[in-house]
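A.B. asks: Just one file: my_file18.txt, with compact mmCIF, C-alpha atoms.
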# COMPACT_ATOMS: atom_id res chain seq x y z
CA MET A 1 -0.85 9.67 -8.85
CA ASN A 2 2.80 10.37 -9.50
CA HIS A 3 3.78 8.92 -12.82
CA GLY A 4 7.19 7.33 -12.59
CA ASN A 5 8.80 4.07 -11.50
CA ASP A 6 9.25 2.56 -8.06
CA SER A 7 12.06 5.05 -7.45
CA SER A 8 9.74 8.05 -7.80
CA PRO A 9 7.48 9.64 -5.18
CA ARG A 10 3.97 8.56 -4.48
CA HIS A 11 2.21 11.63 -3.11
CA ASP A 12 -1.48 11.36 -2.22
CA ARG A 13 -3.08 7.91 -2.33
CA ARG A 14 -4.41 8.35 -5.75
CA GLU A 15 -0.76 9.14 -6.24
CA TRP A 16 1.79 6.47 -5.59
CA LEU A 17 3.69 8.17 -2.82
CA ARG A 18 7.40 8.46 -3.16
CA CYS A 19 7.88 6.24 -0.16
CA ALA A 20 11.53 5.60 0.26
CA SER A 21 13.27 3.28 2.63
CA ALA A 22 16.21 4.59 4.60
CA ALA A 23 19.00 3.33 6.84
CA LEU A 24 22.64 3.93 7.46
CA CYS A 25 25.00 2.52 4.87
CA ALA A 26 27.34 1.44 7.63
CA GLY A 27 24.93 0.18 10.24
CA VAL A 28 22.15 1.37 12.51
CA ALA A 29 21.86 4.99 13.60
CA PRO A 30 22.44 5.85 17.25
CA GLY A 31 19.28 5.36 19.29
CA ILE A 32 18.16 2.18 17.48
CA LEU A 33 19.30 -1.09 18.99
CA ALA A 34 21.26 -3.36 16.64
CA MET A 35 19.89 -6.58 18.17
CA SER A 36 16.53 -7.69 16.78
CA PRO A 37 14.04 -10.46 17.48
CA ALA A 38 13.04 -12.78 14.64
CA ALA A 39 9.54 -11.26 14.56
CA VAL A 40 7.39 -8.69 16.33
CA THR A 41 3.66 -8.06 16.67
CA VAL A 42 2.50 -4.51 17.32
CA PRO A 43 -0.81 -2.60 17.47
CA MET A 44 -2.12 -1.48 14.08
CA ALA A 45 -4.57 1.38 13.65
CA THR A 46 -7.03 0.79 10.80
CA ALA A 47 -9.04 4.02 10.72
CA GLY A 48 -9.84 5.13 7.20
CA ASP A 49 -9.16 1.59 5.90
CA ARG A 50 -5.41 2.16 5.96
CA PRO A 51 -2.98 0.35 8.30
CA VAL A 52 -0.80 2.60 10.47
CA VAL A 53 1.85 1.45 12.97
CA ARG A 54 4.32 3.16 15.29
CA LEU A 55 7.99 3.11 14.32
CA ARG A 56 10.95 4.26 16.35
CA VAL A 57 12.97 6.41 13.97
CA ALA A 58 16.51 7.70 14.54
CA GLY A 59 18.37 10.40 12.69
CA ALA A 60 21.36 12.67 13.13
CA ALA A 61 23.20 12.81 16.47
CA GLY A 62 21.07 9.98 17.86
CA ARG A 63 17.82 11.92 17.88
CA THR A 64 15.04 9.35 18.20
CA VAL A 65 11.27 9.72 18.04
CA GLU A 66 8.23 7.47 17.74
CA ALA A 67 6.12 8.25 14.70
CA ASP A 68 3.08 6.91 12.86
CA PHE A 69 3.82 5.15 9.57
CA LEU A 70 1.46 3.96 6.88
CA VAL A 71 2.22 0.33 5.98
CA ASP A 72 2.02 0.40 2.20
CA SER A 73 2.62 -2.78 0.21
CA GLY A 74 2.26 -0.68 -2.95
CA GLY A 75 4.67 2.10 -1.98
CA GLY A 76 8.14 2.48 -3.47
CA HIS A 77 10.34 4.50 -1.07
CA PHE A 78 10.57 5.04 2.68
CA LEU A 79 8.92 8.43 3.07
CA LEU A 80 9.07 10.98 5.88
CA THR A 81 7.31 14.29 6.28
CA GLU A 82 9.48 17.39 6.43
CA ALA A 83 8.20 17.93 9.97
CA LEU A 84 9.55 14.53 11.07
CA ALA A 85 12.82 15.06 9.19
CA SER A 86 13.29 18.37 10.99
CA THR A 87 12.63 16.78 14.40
CA LEU A 88 15.25 14.13 13.61
CA GLY A 89 17.78 16.76 12.55
CA LEU A 90 18.22 15.24 9.09
CA VAL A 91 20.32 16.96 6.47
CA LEU A 92 18.27 17.26 3.29
CA GLY A 93 19.68 16.77 -0.18
CA GLU A 94 18.79 18.66 -3.32
CA ILE A 95 15.10 19.51 -3.54
CA TYR A 96 13.28 18.54 -6.72
CA GLU A 97 9.68 18.70 -7.91
CA GLU A 98 7.52 15.92 -9.29
CA ASP A 99 3.81 16.12 -10.15
CA GLY A 100 3.45 19.35 -8.18
CA ALA A 101 5.03 18.00 -4.96
CA ARG A 102 8.54 18.76 -3.70
CA PHE A 103 10.89 16.08 -2.40
CA SER A 104 14.39 15.66 -1.09
CA SER A 105 16.69 12.80 -0.17
CA ALA A 106 17.84 12.62 3.46
CA ARG A 107 20.22 10.57 5.58
CA PRO A 108 21.14 9.08 7.94
CA VAL A 109 17.92 7.40 9.02
CA SER A 110 17.21 4.09 10.72
CA ALA A 111 13.99 2.65 12.08
CA ALA A 112 12.64 -0.14 14.24
CA LEU A 113 9.21 -1.75 14.56
CA GLY A 114 8.85 -2.85 18.15
CA GLY A 115 12.26 -4.42 18.74
CA LEU A 116 12.80 -5.33 15.09
CA VAL A 117 15.42 -3.18 13.37
CA LEU A 118 14.26 -2.69 9.80
CA GLU A 119 16.50 -3.42 6.82
CA LEU A 120 16.43 -0.11 4.97
CA ASP A 121 18.10 1.11 1.79
CA PRO A 122 19.78 4.51 2.17
CA ASP A 123 19.32 5.24 -1.54
CA ARG A 124 15.55 4.85 -1.34
CA THR A 125 14.60 7.44 1.27
CA SER A 126 12.68 10.65 0.62
CA VAL A 127 11.30 13.61 2.51
CA LEU A 128 8.04 15.23 1.41
CA ILE A 129 8.85 18.94 1.59
CA GLY A 130 6.34 21.29 3.25
CA SER A 131 4.40 18.45 4.82
CA SER A 132 3.33 17.29 8.26
CA ASN A 133 1.17 14.45 6.88
CA ILE A 134 1.98 12.13 3.96
CA LEU A 135 -1.71 11.36 3.44
CA PRO A 136 -4.22 13.60 1.67
CA GLN A 137 -6.60 15.65 3.80
CA ALA A 138 -9.51 13.62 2.43
CA SER A 139 -8.14 10.49 4.14
CA GLY A 140 -9.15 11.84 7.55
CA ILE A 141 -6.09 10.26 9.20
CA HIS A 142 -2.47 11.19 9.87
CA ALA A 143 0.84 9.52 9.10
CA ASP A 144 4.36 10.89 9.61
CA GLY A 145 5.85 8.49 7.11
CA MET A 146 5.41 5.35 5.06
CA LEU A 147 6.84 1.83 5.29
CA PRO A 148 6.95 0.62 1.66
CA GLY A 149 6.75 -2.56 -0.37
CA HIS A 150 10.43 -3.18 -1.00
CA VAL A 151 11.13 -3.12 2.77
CA LEU A 152 8.16 -5.36 3.57
CA SER A 153 9.33 -7.83 0.91
CA ARG A 154 12.41 -8.65 3.00
CA TYR A 155 10.12 -10.26 5.58
CA ARG A 156 6.82 -12.01 6.11
CA ALA A 157 3.98 -9.70 7.12
CA VAL A 158 0.59 -10.36 8.71
CA PHE A 159 -2.09 -7.65 8.55
CA ASP A 160 -4.67 -8.77 11.11
CA TYR A 161 -7.25 -6.09 10.46
CA PRO A 162 -10.06 -7.43 12.70
CA ALA A 163 -7.68 -7.78 15.67
CA ALA A 164 -5.85 -4.49 14.84
CA ARG A 165 -2.43 -6.16 14.94
CA PHE A 166 0.54 -6.18 12.56
CA THR A 167 3.28 -8.82 12.56
CA LEU A 168 6.59 -8.59 10.72
CA GLY A 169 9.47 -11.02 10.82
CA GLN A 170 11.69 -13.55 9.13
CA GLY A 171 10.67 -16.88 7.59
CA PRO A 172 9.18 -19.54 9.85
CA SER A 173 8.88 -17.12 12.78
CA VAL A 174 5.76 -15.68 11.08
CA ALA A 175 2.90 -18.11 10.50
CA ALA A 176 -0.43 -17.49 8.79
CA ASP A 177 -3.65 -19.35 8.16
CA GLY A 178 -6.53 -19.13 5.72
CA VAL A 179 -6.90 -19.66 2.00
CA SER A 180 -3.56 -19.82 0.15
CA LEU A 181 -3.34 -17.70 -3.00
CA GLU A 182 -0.53 -17.19 -5.48
CA MET A 183 1.31 -13.89 -4.86
CA PRO A 184 4.14 -13.20 -7.33
CA VAL A 185 6.38 -10.37 -6.06
CA HIS A 186 8.36 -7.93 -8.20
CA PRO A 187 12.06 -8.33 -7.34
CA ARG A 188 12.84 -4.60 -7.06
CA SER A 189 9.62 -2.86 -6.03
CA GLY A 190 8.42 -5.68 -3.76
CA PHE A 191 4.89 -5.06 -5.06
CA PRO A 192 2.65 -8.12 -4.54
CA TRP A 193 0.33 -9.35 -7.30
CA THR A 194 -2.99 -11.11 -6.82
CA GLU A 195 -5.85 -12.21 -9.05
CA THR A 196 -9.59 -11.51 -8.89
CA GLU A 197 -12.52 -12.51 -11.04
CA VAL A 198 -15.48 -10.36 -12.06
CA ASP A 199 -18.25 -11.31 -14.48
CA GLY A 200 -16.45 -14.51 -15.50
CA GLU A 201 -13.13 -12.77 -16.34
CA ARG A 202 -9.91 -12.92 -14.32
CA PHE A 203 -7.82 -9.83 -13.70
CA GLY A 204 -4.42 -9.19 -12.15
CA MET A 205 -4.41 -6.67 -9.30
CA LEU A 206 -1.81 -4.97 -7.15
CA LEU A 207 -2.34 -5.92 -3.50
CA ASP A 208 -2.26 -2.40 -2.10
CA THR A 209 -2.54 -1.99 1.68
CA GLY A 210 -1.73 1.72 1.47
CA ALA A 211 -4.85 2.62 -0.51
CA SER A 212 -8.23 2.95 1.19
CA PHE A 213 -10.43 2.02 -1.76
CA THR A 214 -10.12 -0.52 -4.58
CA MET A 215 -9.18 0.95 -7.96
CA VAL A 216 -9.46 -0.25 -11.56
CA SER A 217 -8.68 1.11 -14.99
CA HIS A 218 -11.36 3.42 -16.37
CA THR A 219 -11.37 1.27 -19.53
CA LEU A 220 -12.41 -1.77 -17.49
CA LEU A 221 -15.01 0.10 -15.41
CA THR A 222 -16.72 1.56 -18.47
CA ARG A 223 -16.84 -1.90 -20.06
CA TRP A 224 -18.51 -3.37 -16.97
CA ALA A 225 -20.97 -0.47 -16.78
CA ALA A 226 -21.92 -0.81 -20.45
CA ARG A 227 -22.45 -4.54 -20.07
CA HIS A 228 -24.44 -4.16 -16.84
CA PRO A 229 -26.32 -0.82 -16.77
CA GLN A 230 -28.19 -2.02 -13.67
CA TRP A 231 -25.00 -1.90 -11.60
CA THR A 232 -24.88 1.26 -9.46
CA ARG A 233 -22.55 3.87 -10.93
CA PHE A 234 -21.57 7.40 -9.85
CA GLU A 235 -19.57 10.13 -11.48
CA GLY A 236 -16.38 10.88 -9.54
CA ALA A 237 -15.30 9.34 -6.24
CA HIS A 238 -18.41 8.31 -4.35
CA GLY A 239 -18.65 7.58 -0.63
CA ALA A 240 -15.51 6.04 0.85
CA ALA A 241 -13.76 6.30 -2.53
CA ALA A 242 -13.24 10.00 -1.76
CA THR A 243 -10.80 9.08 1.03
CA LEU A 244 -8.21 8.16 -1.61
CA GLY A 245 -7.70 11.83 -2.37
CA GLY A 246 -6.83 12.91 -5.88
CA ARG A 247 -9.20 12.35 -8.77
CA GLY A 248 -11.44 9.31 -9.17
CA LEU A 249 -13.23 9.23 -12.51
CA ASN A 250 -16.22 6.96 -11.78
CA THR A 251 -17.33 4.73 -8.90
CA LEU A 252 -19.06 1.43 -9.63
CA TYR A 253 -20.52 -1.12 -7.21
CA LEU A 254 -20.01 -4.71 -8.31
CA PRO A 255 -22.55 -7.24 -7.05
CA ARG A 256 -19.79 -9.83 -6.66
CA MET A 257 -16.03 -10.19 -6.95
CA GLN A 258 -14.32 -13.55 -6.63
CA TRP A 259 -10.92 -13.65 -4.93
CA GLY A 260 -9.72 -17.21 -5.29
CA PRO A 261 -12.41 -19.28 -3.53
CA LEU A 262 -13.63 -16.23 -1.60
CA ALA A 263 -16.83 -14.55 -2.80
CA LEU A 264 -17.04 -10.83 -2.00
CA ASP A 265 -20.39 -9.08 -2.38
CA ASP A 266 -21.22 -5.42 -3.09
CA VAL A 267 -17.65 -4.33 -3.88
CA GLY A 268 -17.02 -0.65 -4.60
CA VAL A 269 -14.32 0.24 -7.15
CA VAL A 270 -13.21 3.64 -8.40
CA SER A 271 -11.60 4.16 -11.81
CA GLN A 272 -8.26 5.74 -12.63
CA PRO A 273 -7.18 6.98 -16.08
CA ALA A 274 -6.54 4.32 -18.72
CA GLY A 275 -2.90 3.24 -18.74
CA THR A 276 -2.24 4.00 -15.07
CA PHE A 277 -2.39 0.33 -14.19
CA GLU A 278 -2.02 -1.33 -17.59
CA LYS A 279 1.29 0.41 -18.34
CA TRP A 280 2.76 2.26 -15.38
CA ILE A 281 1.92 0.03 -12.39
CA THR A 282 2.33 -3.11 -14.52
CA SER A 283 5.97 -2.06 -15.07
CA MET A 284 6.46 -2.53 -11.29
CA THR A 285 4.54 -5.79 -10.77
CA ALA A 286 5.54 -9.37 -11.54
CA ARG A 287 2.50 -9.82 -13.81
CA PRO A 288 0.13 -7.38 -15.57
CA VAL A 289 -2.48 -5.56 -13.49
CA VAL A 290 -5.63 -3.57 -14.25
CA GLY A 291 -6.22 -2.25 -10.75
CA ALA A 292 -5.38 -2.39 -7.06
CA LEU A 293 -7.15 -4.37 -4.33
CA ALA A 294 -7.34 -2.04 -1.34
CA GLY A 295 -8.63 -1.25 2.13
CA ASN A 296 -12.39 -1.35 1.57
CA ILE A 297 -11.92 -5.08 0.86
CA LEU A 298 -8.77 -5.95 2.81
CA THR A 299 -10.03 -4.77 6.22
CA ARG A 300 -12.35 -7.78 6.43
CA PHE A 301 -9.36 -10.14 6.48
CA ARG A 302 -6.34 -11.40 8.33
CA LEU A 303 -3.76 -11.37 5.54
CA GLY A 304 -0.43 -13.16 5.66
CA LEU A 305 2.01 -12.00 2.98
CA HIS A 306 4.77 -14.61 2.73
CA TYR A 307 7.07 -12.75 0.40
CA ASP A 308 9.77 -15.41 0.50
CA ARG A 309 7.33 -18.08 -0.73
CA GLN A 310 5.29 -15.67 -2.89
CA VAL A 311 2.11 -16.89 -1.22
CA LEU A 312 -0.78 -14.89 0.26
CA HIS A 313 -2.87 -16.34 3.09
CA ALA A 314 -6.34 -14.77 3.38
CA HIS A 315 -8.59 -15.51 6.34
CA LEU A 316 -12.04 -13.90 6.32
CA ALA A 317 -12.78 -13.04 9.94
CA ALA A 318 -16.06 -14.28 11.38
CA GLY A 319 -18.59 -11.57 12.10
CA THR A 320 -16.81 -8.86 10.10
CA ALA A 321 -18.92 -6.11 8.62
CA GLY A 322 -19.65 -5.84 4.91
CA ILE A 323 -17.28 -4.18 2.48
CA ARG A 324 -17.13 -0.45 3.03
CA ARG A 325 -18.94 1.60 0.39
Could you write out this file's structure as structure tokens?
C.D. replies:
Amino acid sequence: MNHGNDSSPRHDRREWLRCASAALCAGVAPGILAMSPAAVTVPMATAGDRPVVRLRVAGAAGRTVEADFLVDSGGGHFLLTEALASTLGLVLGEIYEEDGARFSSARPVSAALGGLVLELDPDRTSVLIGSSNILPQASGIHADGMLPGHVLSRYRAVFDYPAARFTLGQGPSVAADGVSLEMPVHPRSGFPWTETEVDGERFGMLLDTGASFTMVSHTLLTRWAARHPQWTRFEGAHGAAATLGGRGLNTLYLPRMQWGPLALDDVGVVSQPAGTFEKWITSMTARPVVGALAGNILTRFRLGLHYDRQVLHAHLAAGTAGIRR
């Protein structure tokens, strides 16, 4: 996990990739149409419990390619691999190092999802140097870039995991159904907050579509394990928790987690070092958090993130499989 603010890279998915968002200061790059529909719905791959969509990305001299992007509600910058940046003919800025990874700024870049031209910030774009995949090898999937939280927060988004579809658009053009939950959004990072309950206590969580496995503070996990020694616990990242990459301290399986009125059974969580969520991630969320709700839970749902209203709609799909361990 890269330790910084929402302007710093987020490398593997135990790291909060420096996912930057990029566009031309003076308009849309050649090769991307300036006219956009109010909303679009596109196919969404969900392998590895992470949502990936195809973007049309344009760079220097009108070079345009289609590329796979992780849709990451908990990512801070619009991120491209160096391989994609090279294909687009981007001019890289000064290279710097953070947490063992090397990054550079790059412009001009613009991008479209289906026919929707994305509103990108040219000062929040990064290239991951020496990379052809922004995701860790342990993820088992590939992404050329990442579409981050502060870009998503300009729209309404629907992650329909069971139907493998993603919708993005403005205001009333994007509807959603299901249980309505409060979702405060940080004004700069765009990170969405949600609340869960375990063992009679309520906890704030980052709603993190870019992570494959739910995470909590190691302080909280050890407290649960001490209180309930019968709950199944493993050293390190166990089972699907290993797809996060990086270092998971312990994995614990909770018999039940309550998410608003929704009861979730047999929920796996993996712990991260104390302070990661309580201090660092909390500095980028509207309310304090002790963890991140992620793909092993989210893939059972159709989720509507209405950023403008700060409301989350969660619909548990009929016949979906149990939470991935």
A.B. asks: I'd like to know which of A:Leu312, A:Leu147, A:Ala138, A:Val290 is closest to Gly246 (chain A), using only C-alpha atoms.
C.D. replies: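 Nearest to Gly246 (chain A): A:Ala138.
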A.B. asks: So, with only C-alpha atoms as the atoms that count, which of A:Gly245, A:Gly239, A:Gly145, A:Gly275 lies closest to Val216 (chain A)?
C.D. replies: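 Selected residue with least distance to Val216 (chain A): A:Gly275.
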A.B. asks: Can you list every residue of region 175-252 of chain A that has an atom at most 6 Å from region 276-286 of chain A, with its nearest atom pair and the distance in Å to one decimal, using all atoms listed in the file, ordered by chain then number, as CSV?
C.D. replies:
residue,atom,partner,partner_atom,distance
A:Pro184,CA,A:Ala286,CA,5.9
A:Val185,CA,A:Ala286,CA,5.6
A:His186,CA,A:Ala286,CA,4.6
A:Phe191,CA,A:Thr285,CA,5.8
A.B. asks: Pick out the closest residue to Met44 (chain A) from this set: A:Gly114, A:Pro288, A:Gly171, A:Pro148. Count all atoms listed in the file.
C.D. replies: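 Among the listed residues, A:Gly114 lies closest to Met44 (chain A).
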A.B. asks: As JSON, numbers by chain, please: the residues near Ala111 (chain A) (cut-off 6 Å, all atoms listed in the file, same-chain neighbours under 6 positions excluded).
C.D. replies: {"A": [56, 57, 118]}
A.B. asks: Counting all atoms listed in the file, which residues of region 277-317 of chain A sit at most 6 Å from some atom of region 197-209 of chain A, and what is each one's closest atom pair with its distance in Å to one decimal, listed by chain and rising residue number, as JSON lines?
C.D. replies:
{"residue": "A:Pro288", "atom": "CA", "partner": "A:Gly204", "partner_atom": "CA", "distance": 6.0}
{"residue": "A:Val289", "atom": "CA", "partner": "A:Gly204", "partner_atom": "CA", "distance": 4.3}
{"residue": "A:Val290", "atom": "CA", "partner": "A:Met205", "partner_atom": "CA", "distance": 6.0}
{"residue": "A:Gly291", "atom": "CA", "partner": "A:Met205", "partner_atom": "CA", "distance": 5.0}
{"residue": "A:Ala292", "atom": "CA", "partner": "A:Leu206", "partner_atom": "CA", "distance": 4.4}
{"residue": "A:Leu293", "atom": "CA", "partner": "A:Leu207", "partner_atom": "CA", "distance": 5.1}
{"residue": "A:Ala294", "atom": "CA", "partner": "A:Asp208", "partner_atom": "CA", "distance": 5.1}
A.B. asks: Taking into account all atoms listed in the file, which residue in the set A:Thr196, A:Thr222, A:Ser173, A:Ser132 is nearest to Val267 (chain A)?
C.D. replies: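 Once distances to Val267 (chain A) are computed over all atoms listed in the file, the minimum belongs to A:Thr196.
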A.B. asks: Take region 149-169 of chain A, model N, CA, C and O atoms, and hand the result over as an mmCIF file, in the coordinates of the input.
C.D. replies:
data_model
loop_
_atom_site.group_PDB
_atom_site.id
_atom_site.type_symbol
_atom_site.label_atom_id
_atom_site.label_comp_id
_atom_site.auth_asym_id
_atom_site.auth_seq_id
_atom_site.Cartn_x
_atom_site.Cartn_y
_atom_site.Cartn_z
ATOM 1 N N GLY A 149 6.730 -1.189 0.097
ATOM 2 C CA GLY A 149 6.750 -2.560 -0.370
ATOM 3 C C GLY A 149 8.106 -3.208 -0.404
ATOM 4 O O GLY A 149 8.252 -4.382 -0.039
ATOM 5 N N HIS A 150 9.139 -2.508 -0.855
ATOM 6 C CA HIS A 150 10.430 -3.180 -1.000
ATOM 7 C C HIS A 150 11.056 -3.492 0.361
ATOM 8 O O HIS A 150 11.854 -4.421 0.470
ATOM 9 N N VAL A 151 10.674 -2.762 1.416
ATOM 10 C CA VAL A 151 11.130 -3.120 2.770
ATOM 11 C C VAL A 151 10.327 -4.302 3.283
ATOM 12 O O VAL A 151 10.887 -5.269 3.810
ATOM 13 N N LEU A 152 9.015 -4.254 3.130
ATOM 14 C CA LEU A 152 8.160 -5.360 3.570
ATOM 15 C C LEU A 152 8.592 -6.670 2.921
ATOM 16 O O LEU A 152 8.530 -7.737 3.546
ATOM 17 N N SER A 153 9.026 -6.611 1.664
ATOM 18 C CA SER A 153 9.330 -7.830 0.910
ATOM 19 C C SER A 153 10.557 -8.561 1.440
ATOM 20 O O SER A 153 10.830 -9.691 1.015
ATOM 21 N N ARG A 154 11.288 -7.969 2.365
ATOM 22 C CA ARG A 154 12.410 -8.650 3.000
ATOM 23 C C ARG A 154 11.957 -9.580 4.119
ATOM 24 O O ARG A 154 12.764 -10.314 4.697
ATOM 25 N N TYR A 155 10.659 -9.540 4.430
ATOM 26 C CA TYR A 155 10.120 -10.260 5.580
ATOM 27 C C TYR A 155 8.869 -11.048 5.187
ATOM 28 O O TYR A 155 8.522 -11.128 4.015
ATOM 29 N N ARG A 156 8.206 -11.584 6.214
ATOM 30 C CA ARG A 156 6.820 -12.010 6.110
ATOM 31 C C ARG A 156 6.000 -11.027 6.940
ATOM 32 O O ARG A 156 6.449 -10.610 8.005
ATOM 33 N N ALA A 157 4.818 -10.686 6.436
ATOM 34 C CA ALA A 157 3.980 -9.700 7.120
ATOM 35 C C ALA A 157 2.575 -10.256 7.300
ATOM 36 O O ALA A 157 2.043 -10.913 6.398
ATOM 37 N N VAL A 158 1.980 -9.981 8.465
ATOM 38 C CA VAL A 158 0.590 -10.360 8.710
ATOM 39 C C VAL A 158 -0.180 -9.098 9.096
ATOM 40 O O VAL A 158 0.135 -8.444 10.096
ATOM 41 N N PHE A 159 -1.178 -8.760 8.280
ATOM 42 C CA PHE A 159 -2.090 -7.650 8.550
ATOM 43 C C PHE A 159 -3.351 -8.264 9.150
ATOM 44 O O PHE A 159 -4.197 -8.777 8.414
ATOM 45 N N ASP A 160 -3.468 -8.231 10.453
ATOM 46 C CA ASP A 160 -4.670 -8.770 11.110
ATOM 47 C C ASP A 160 -5.603 -7.598 11.371
ATOM 48 O O ASP A 160 -5.621 -7.006 12.454
ATOM 49 N N TYR A 161 -6.387 -7.256 10.355
ATOM 50 C CA TYR A 161 -7.250 -6.090 10.460
ATOM 51 C C TYR A 161 -8.300 -6.226 11.556
ATOM 52 O O TYR A 161 -8.470 -5.293 12.361
ATOM 53 N N PRO A 162 -9.032 -7.344 11.652
ATOM 54 C CA PRO A 162 -10.060 -7.430 12.700
ATOM 55 C C PRO A 162 -9.506 -7.317 14.118
ATOM 56 O O PRO A 162 -10.157 -6.759 14.996
ATOM 57 N N ALA A 163 -8.285 -7.848 14.339
ATOM 58 C CA ALA A 163 -7.680 -7.780 15.670
ATOM 59 C C ALA A 163 -6.816 -6.538 15.850
ATOM 60 O O ALA A 163 -6.264 -6.322 16.942
ATOM 61 N N ALA A 164 -6.659 -5.721 14.799
ATOM 62 C CA ALA A 164 -5.850 -4.490 14.840
ATOM 63 C C ALA A 164 -4.421 -4.782 15.282
ATOM 64 O O ALA A 164 -3.858 -4.099 16.139
ATOM 65 N N ARG A 165 -3.814 -5.796 14.637
ATOM 66 C CA ARG A 165 -2.430 -6.160 14.940
ATOM 67 C C ARG A 165 -1.649 -6.345 13.639
ATOM 68 O O ARG A 165 -2.198 -6.806 12.632
ATOM 69 N N PHE A 166 -0.353 -6.014 13.702
ATOM 70 C CA PHE A 166 0.540 -6.180 12.560
ATOM 71 C C PHE A 166 1.765 -6.961 13.020
ATOM 72 O O PHE A 166 2.367 -6.643 14.047
ATOM 73 N N THR A 167 2.119 -7.991 12.256
ATOM 74 C CA THR A 167 3.280 -8.820 12.560
ATOM 75 C C THR A 167 4.266 -8.745 11.409
ATOM 76 O O THR A 167 3.876 -8.814 10.236
ATOM 77 N N LEU A 168 5.542 -8.623 11.730
ATOM 78 C CA LEU A 168 6.590 -8.590 10.720
ATOM 79 C C LEU A 168 7.766 -9.402 11.233
ATOM 80 O O LEU A 168 8.153 -9.275 12.395
ATOM 81 N N GLY A 169 8.333 -10.228 10.377
ATOM 82 C CA GLY A 169 9.470 -11.020 10.820
ATOM 83 C C GLY A 169 10.004 -11.909 9.712
ATOM 84 O O GLY A 169 9.539 -11.883 8.565
#
